[in-house]
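*Asks:* Quick one: this structure, given as structure tokens, is what I'll be asking you about.
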Amino acid sequence: MNTGLRKLMEDLNLKTFDELYDFFTNPENKNNPIVQEYQEFITYASEVMKDEE
């Protein structure tokens with residue numbers, strides 16, 4: 001997964017994971033398809049983790 005994240009960061013011209021996090025959490029980017037898919041993934045992962053407990 002690290003390779004995928006690095007490619008995404010490269011495509012977005014981001015240098016660090018902090019910049020990637022800022023991109024995902026910036027309200028100005030809320031309509032960006034990448035951000036929307038990220039949010040869907042986080043929601044899914046949260047539900048899976050609840051089921052595992």
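As shown in the structure tokens, the chain order sets the letters A, B, ...; within each chain, residues go from 1, and ligands are also counted from 1 in the order they appear.
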For the helix (DSSP H, G or I) assignment from backbone DSSP, which residues of chain A qualify? Please present them as number ranges by chain.

*Replies:* A: 2-11, 17-25, 27-29, 33-52

*Asks:* Taking 6 positions as the minimum chain separation for residues in the same chain, which residues sit within 12 Å of Glu40 of chain A when counting only C-alpha atoms? Answer as a CSV table (one decimal) with N, CA, C and O atoms, in the first residue's frame.

*Replies:*
```
chain,number,residue,atom,x,y,z
A,24,PHE,N,-6.3,15.6,2.4
A,24,PHE,CA,-7.5,14.8,2.7
A,24,PHE,C,-8.5,15.5,3.6
A,24,PHE,O,-9.7,15.4,3.5
A,30,LYS,N,-13.2,18.9,-0.3
A,30,LYS,CA,-14.3,17.9,0.0
A,30,LYS,C,-15.0,17.4,-1.2
A,30,LYS,O,-15.5,16.3,-1.1
A,33,PRO,N,-12.9,13.9,-6.0
A,33,PRO,CA,-13.2,12.5,-6.0
A,33,PRO,C,-12.2,11.6,-5.2
A,33,PRO,O,-12.6,10.7,-4.6
A,34,ILE,N,-11.0,12.0,-5.2
A,34,ILE,CA,-10.0,11.3,-4.4
A,34,ILE,C,-10.3,11.4,-2.9
A,34,ILE,O,-10.3,10.4,-2.1
A,46,SER,N,-13.6,1.8,9.4
A,46,SER,CA,-14.1,1.9,10.8
A,46,SER,C,-15.1,0.9,11.1
A,46,SER,O,-15.1,0.3,12.2
A,47,GLU,N,-16.0,0.6,10.2
A,47,GLU,CA,-17.0,-0.4,10.4
A,47,GLU,C,-16.4,-1.8,10.5
A,47,GLU,O,-16.9,-2.6,11.4
```

*Asks:* Can you pull out the residues contacting Tyr21 of chain A? Cut-off 12 Å, using only C-alpha atoms, and skip same-chain residues under 4 positions away; I want them as a PyMOL selection string.

*Replies:* chain A and resi 5+8-9+12+14-17+25-27+29+35+38-39

*Asks:* Can you tell me how far atom CA of Val48 of chain A sits from atom CA of Gly4 of chain A, in Å to one decimal?

*Replies:*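 So the two atoms, atom CA of Val48 of chain A and atom CA of Gly4 of chain A, lie 21.4 Å apart.
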